[in-house]
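Colleague: Contents of query-v2.cif (mmCIF, C-alpha atoms) are given next:
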```
data_my_file
#
loop_
_atom_site.label_atom_id
_atom_site.label_comp_id
_atom_site.auth_asym_id
_atom_site.auth_seq_id
_atom_site.Cartn_x
_atom_site.Cartn_y
_atom_site.Cartn_z
CA ASP A 246 0.00 0.00 0.00
CA GLN A 247 1.62 3.21 -1.21
CA GLN A 248 0.94 5.77 1.51
CA VAL A 249 3.10 8.43 -0.10
CA LYS A 250 2.57 9.08 -3.77
CA GLN A 251 4.38 11.10 -6.36
CA ASN A 252 2.12 10.87 -9.36
CA SER A 253 4.42 12.60 -11.81
CA PRO A 254 7.34 10.33 -12.69
CA SER A 255 9.06 13.12 -14.61
CA LEU A 256 9.10 16.88 -15.06
CA SER A 257 10.95 19.16 -17.45
CA VAL A 258 11.48 22.84 -16.72
CA GLN A 259 13.38 25.61 -18.44
CA GLU A 260 16.36 27.04 -16.59
CA GLY A 261 15.38 30.04 -14.50
CA ARG A 262 11.75 29.01 -14.21
CA ILE A 263 10.00 27.52 -11.21
CA SER A 264 9.96 23.76 -10.65
CA ILE A 265 7.04 22.41 -8.66
CA LEU A 266 7.18 18.84 -7.46
CA ASN A 267 4.12 17.35 -5.85
CA CYS A 268 3.53 14.67 -3.28
CA ASP A 269 0.29 13.27 -1.85
CA TYR A 270 -0.16 11.12 1.20
CA THR A 271 -3.00 9.15 2.67
CA ASN A 272 -2.20 8.81 6.36
CA SER A 273 -3.23 11.72 8.57
CA MET A 274 -0.86 10.44 11.26
CA PHE A 275 2.21 11.61 9.37
CA ASP A 276 3.85 14.37 11.39
CA TYR A 277 7.11 15.16 9.62
CA PHE A 278 7.97 15.40 5.95
CA LEU A 279 11.17 15.45 3.97
CA TRP A 280 12.32 16.10 0.43
CA TYR A 281 15.40 14.41 -1.00
CA LYS A 282 17.22 14.60 -4.28
CA LYS A 283 19.16 11.76 -5.80
CA TYR A 284 21.73 11.83 -8.59
CA PRO A 285 22.41 8.62 -10.52
CA ALA A 286 24.77 6.24 -8.71
CA GLU A 287 24.64 8.34 -5.53
CA GLY A 288 22.64 8.12 -2.33
CA PRO A 289 19.77 10.48 -1.58
CA THR A 290 20.70 13.93 -0.30
CA PHE A 291 18.53 15.64 2.26
CA LEU A 292 17.04 18.89 0.95
CA ILE A 293 14.44 20.32 3.24
CA SER A 294 11.95 19.23 5.86
CA ILE A 295 8.74 20.46 7.39
CA SER A 296 6.84 19.61 10.52
CA SER A 297 3.11 19.07 10.40
CA ILE A 298 2.60 22.09 12.65
CA LYS A 299 3.82 24.36 9.85
CA ASP A 300 2.56 25.01 6.36
CA LYS A 301 5.70 26.42 4.80
CA ASN A 302 9.43 26.15 5.16
CA GLU A 303 11.97 27.96 3.05
CA ASP A 304 15.68 27.38 2.50
CA GLY A 305 17.28 29.41 -0.23
CA ARG A 306 15.83 28.42 -3.59
CA PHE A 307 13.83 25.59 -2.03
CA THR A 308 10.44 26.01 -0.40
CA VAL A 309 8.23 23.25 0.88
CA PHE A 310 4.50 23.77 1.28
CA LEU A 311 2.27 21.54 3.35
CA ASN A 312 -1.51 21.41 2.99
CA LYS A 313 -2.67 19.06 5.71
CA SER A 314 -6.35 19.22 4.82
CA ALA A 315 -5.54 18.11 1.30
CA LYS A 316 -2.77 15.76 2.46
CA HIS A 317 -0.53 17.38 -0.10
CA LEU A 318 3.10 18.42 -0.04
CA SER A 319 4.97 20.36 -2.69
CA LEU A 320 8.52 21.46 -3.31
CA HIS A 321 9.17 24.67 -5.19
CA ILE A 322 12.57 25.39 -6.70
CA VAL A 323 13.09 28.96 -7.82
CA PRO A 324 14.97 29.65 -9.99
CA SER A 325 15.63 26.21 -11.41
CA GLN A 326 19.19 25.42 -12.44
CA PRO A 327 20.59 22.64 -14.65
CA GLY A 328 22.35 21.23 -11.57
CA ASP A 329 18.96 20.64 -10.02
CA SER A 330 18.32 17.85 -12.53
CA ALA A 331 17.90 14.75 -10.38
CA VAL A 332 15.26 12.47 -8.94
CA TYR A 333 13.33 14.01 -6.05
CA PHE A 334 11.70 11.94 -3.35
CA CYS A 335 9.26 13.02 -0.70
CA ALA A 336 9.06 11.11 2.56
CA ALA A 337 6.70 11.16 5.51
CA ARG A 338 7.21 10.03 9.08
CA LEU A 339 4.51 8.19 10.96
CA GLN A 340 3.73 9.84 14.27
CA ASN A 341 4.85 8.01 17.41
CA THR A 342 6.84 5.41 15.51
CA GLY A 343 10.23 6.91 16.14
CA ASN A 344 11.63 7.44 12.72
CA GLN A 345 9.70 5.24 10.36
CA PHE A 346 9.57 7.07 7.06
CA TYR A 347 7.53 6.21 4.01
CA PHE A 348 8.98 7.29 0.70
CA GLY A 349 7.37 8.19 -2.58
CA THR A 350 8.62 6.67 -5.81
CA GLY A 351 10.29 9.85 -6.97
CA THR A 352 9.97 12.47 -9.70
CA SER A 353 12.75 12.90 -12.20
CA LEU A 354 13.37 16.61 -12.77
CA THR A 355 15.18 17.82 -15.87
CA VAL A 356 16.15 21.47 -16.02
CA ILE A 357 16.80 22.49 -19.59
CA PRO A 358 19.53 25.07 -20.08
CA GLY B 77 29.34 17.28 7.07
CA ALA B 78 27.07 14.40 8.05
CA VAL B 79 28.41 11.86 5.59
CA VAL B 80 27.54 8.19 5.71
CA SER B 81 29.85 5.92 3.76
CA GLN B 82 28.24 2.69 2.56
CA HIS B 83 30.13 -0.29 1.14
CA PRO B 84 30.05 -2.15 -1.11
CA SER B 85 28.15 -0.18 -3.70
CA TRP B 86 27.49 -3.26 -5.80
CA VAL B 87 27.82 -6.93 -5.01
CA ILE B 88 26.99 -10.16 -6.80
CA CYS B 89 26.86 -13.31 -4.74
CA LYS B 90 25.89 -16.92 -5.18
CA SER B 91 22.65 -18.20 -3.78
CA GLY B 92 23.15 -19.56 -0.26
CA THR B 93 26.06 -17.30 0.65
CA SER B 94 26.03 -14.33 3.02
CA VAL B 95 26.75 -10.72 2.22
CA LYS B 96 27.69 -7.97 4.64
CA ILE B 97 26.92 -4.31 3.97
CA GLU B 98 28.61 -1.61 6.04
CA CYS B 99 27.57 1.92 6.83
CA ARG B 100 29.96 4.27 8.57
CA SER B 101 29.22 7.76 9.77
CA LEU B 102 32.36 9.70 8.95
CA ASP B 103 31.99 12.98 10.80
CA PHE B 104 29.27 12.48 13.36
CA GLN B 105 28.04 9.87 15.78
CA ALA B 106 25.06 7.94 14.54
CA THR B 107 23.21 6.64 17.55
CA THR B 108 20.43 5.43 15.29
CA MET B 109 20.75 3.89 11.83
CA PHE B 110 17.91 2.96 9.54
CA TRP B 111 18.06 0.28 6.88
CA TYR B 112 15.89 0.42 3.80
CA ARG B 113 15.46 -1.67 0.70
CA GLN B 114 13.98 -0.69 -2.62
CA PHE B 115 12.47 -2.95 -5.22
CA PRO B 116 12.35 -1.75 -8.82
CA LYS B 117 9.85 1.03 -9.40
CA GLN B 118 8.84 1.05 -5.75
CA SER B 119 9.66 3.39 -2.92
CA LEU B 120 12.17 2.78 -0.19
CA MET B 121 10.78 0.53 2.49
CA LEU B 122 12.07 0.60 6.04
CA MET B 123 13.47 -2.76 7.08
CA ALA B 124 14.80 -2.08 10.54
CA THR B 125 16.02 0.54 12.96
CA SER B 126 19.24 -0.08 14.82
CA ASN B 127 20.38 1.71 17.95
CA GLU B 128 23.98 1.60 19.07
CA GLY B 129 24.53 -1.09 21.65
CA SER B 130 21.10 -2.65 21.47
CA LYS B 131 19.13 -5.05 19.31
CA ALA B 132 17.62 -3.77 16.12
CA THR B 133 13.90 -3.26 15.72
CA TYR B 134 12.55 -4.93 12.61
CA GLU B 135 9.52 -3.93 10.62
CA GLN B 136 6.69 -6.34 10.14
CA GLY B 137 7.44 -8.95 7.53
CA VAL B 138 11.24 -8.57 7.72
CA GLU B 139 13.01 -11.74 8.84
CA LYS B 140 15.44 -10.81 11.58
CA ASP B 141 17.31 -14.09 11.26
CA LYS B 142 17.90 -13.43 7.60
CA PHE B 143 18.80 -9.76 7.81
CA LEU B 144 21.24 -9.48 10.68
CA ILE B 145 21.90 -5.96 11.85
CA ASN B 146 24.76 -5.01 14.12
CA HIS B 147 25.34 -1.53 15.50
CA ALA B 148 28.25 -2.10 17.83
CA SER B 149 29.67 1.43 17.70
CA LEU B 150 28.47 4.97 17.18
CA THR B 151 30.04 5.09 13.74
CA LEU B 152 29.38 1.66 12.28
CA SER B 153 26.27 -0.33 11.49
CA THR B 154 26.23 -3.48 9.39
CA LEU B 155 23.53 -5.42 7.59
CA THR B 156 24.26 -9.05 6.78
CA VAL B 157 22.02 -10.85 4.35
CA THR B 158 22.36 -14.49 5.34
CA SER B 159 21.79 -17.42 3.00
CA ALA B 160 20.92 -15.04 0.22
CA HIS B 161 18.40 -16.03 -2.42
CA PRO B 162 17.61 -14.42 -5.76
CA GLU B 163 14.51 -12.79 -4.26
CA ASP B 164 16.84 -10.88 -1.91
CA SER B 165 18.27 -9.07 -4.91
CA SER B 166 17.48 -5.43 -4.27
CA PHE B 167 18.88 -2.01 -3.49
CA TYR B 168 19.77 -1.58 0.17
CA ILE B 169 20.46 1.78 1.72
CA CYS B 170 21.21 3.03 5.20
CA SER B 171 20.29 6.34 6.78
CA ALA B 172 21.24 8.12 9.96
CA LYS B 173 19.85 11.06 11.85
CA TYR B 174 22.09 14.00 12.46
CA ARG B 175 21.58 17.43 13.91
CA TYR B 176 19.93 19.03 10.89
CA GLY B 177 18.06 16.12 9.38
CA TYR B 178 18.76 12.74 7.90
CA THR B 179 21.60 11.59 5.73
CA PHE B 180 21.90 8.53 3.54
CA GLY B 181 24.56 6.16 2.39
CA SER B 182 25.05 5.72 -1.33
CA GLY B 183 23.30 2.38 -1.37
CA THR B 184 24.25 -1.18 -2.24
CA ARG B 185 22.95 -3.01 -5.26
CA LEU B 186 22.78 -6.70 -4.32
CA THR B 187 22.36 -9.31 -7.03
CA VAL B 188 22.00 -12.93 -5.98
CA VAL B 189 22.60 -15.48 -8.73
#
```
Would you kindly transcribe this structure into structure tokens?
Modeller:
Amino acid sequence: DQQVKQNSPSLSVQEGRISILNCDYTNSMFDYFLWYKKYPAEGPTFLISISSIKDKNEDGRFTVFLNKSAKHLSLHIVPSQPGDSAVYFCAARLQNTGNQFYFGTGTSLTVIP
Amino acid sequence: GAVVSQHPSWVICKSGTSVKIECRSLDFQATTMFWYRQFPKQSLMLMATSNEGSKATYEQGVEKDKFLINHASLTLSTLTVTSAHPEDSSFYICSAKYRYGYTFGSGTRLTVV
């Protein structure tokens, strides 16, 4: 049962424009969310996180938005750069389970120069 | 900072043999290490959580006698796949919590022939 879903397997964006990556989840008991990026042949790299008590967190070009009522998470990258081309995963932690995270299947972002 | 070194990155073994995967935290102390596996086109699934000096906690459906986890020091956790079978072929990756979030090893691609 896929509790965290990334319905867009791929996304292409022009350099300088905004990239929006989306993530939906089904379990209302998730209390902490993460976004990761992964280059081929490398491990995931932590990008940004957000607690369920917030609806927005910003770090440089990366902003994560959380809409709890819609059970929806999004990552905005502005402006997009060719080096941002990678696979992006969202992950959600189940409340009161320590650190059990559920990961989406990823969205491959291509930023076109 | 917060680097986890995972080895080997790729291993092929014969059915019935055992394979050990190591994850070392290079510049921080990882009191807790998480082990995930990923099947093709699926998300990362948590296998077990290991705490330094104590027994690992396994997720439902994960055979603890098959996937031996040792976390004997604050910088080293190992996963041993015992009596490997072709169905154990997968991508295994470790993760550790550090001050600012979570960091991942680079993953191990295990192929059992």
Colleague: I need the residue nearest Pro162 in chain B from this list: B:Ala132, B:Val189, B:Leu120, B:Val80. Use all atoms listed in the file for the distance.
Modeller: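 That would be B:Val189, the residue with the smallest distance to Pro162 in chain B.
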Colleague: Starting from the displayed file, determine the output of the PyMOL selection byres ((chain A and resi 354) around 9) and express the residue list as JSON, numbers by chain.
Modeller: {"A": [254, 255, 256, 257, 258, 264, 266, 329, 330, 331, 332, 333, 352, 353, 355, 356]}
Colleague: Identify every residue of chain A that has at least one atom within 6 Å of any atom of chain B, counting only C-alpha atoms, and report the result as a list in words.
Modeller: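 So the contacting residues turn out to be Glu287, Gly288, Pro289, Phe348, Gly349 and Thr350 of chain A.
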Colleague: If the PyMOL selection byres ((chain A and resi 273-283) around 6) is run on the structure shown, which residues does it catch, given as a list in words?
Modeller: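 When the PyMOL selection byres ((chain A and resi 273-283) around 6) is applied to the shown file, the picked residues are Asn272, Tyr284, Pro289, Thr290, Phe291, Leu292, Ile293, Ser294, Ile295, Ser296, Ser297, Ala331, Val332, Tyr333, Phe334, Cys335, Ala336, Ala337, Arg338, Leu339 and Gln340 of chain A.
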Colleague: May I have the residues within 8 Å of Ile97 in chain B as a VMD selection string, using all atoms listed in the file and disregarding those fewer than 4 positions away in the same chain?
Modeller: chain B and resid 82 to 84 154 to 156 184
Colleague: Need to verify the contact set: Ser153 in chain B, 6 Å, all atoms listed in the file, exclusion of same-chain residues closer than 5 positions in sequence. Can you return it as a list in words?
Modeller: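 The residues that qualify are Cys99, Asn146 and His147 of chain B.
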Colleague: Report the distance between CA of Asn312 in chain A and CA of Phe346 in chain A in Å, rounded to one decimal place.
Modeller: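 Value for the CA of Asn312 in chain A-CA of Phe346 in chain A distance: 18.6 Å.
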Colleague: Which distance in Å separates CA of Ile145 in chain B and CA of Asp103 in chain B, to one decimal?
Modeller: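 Rounded to one decimal, the two atoms are 21.5 Å apart.
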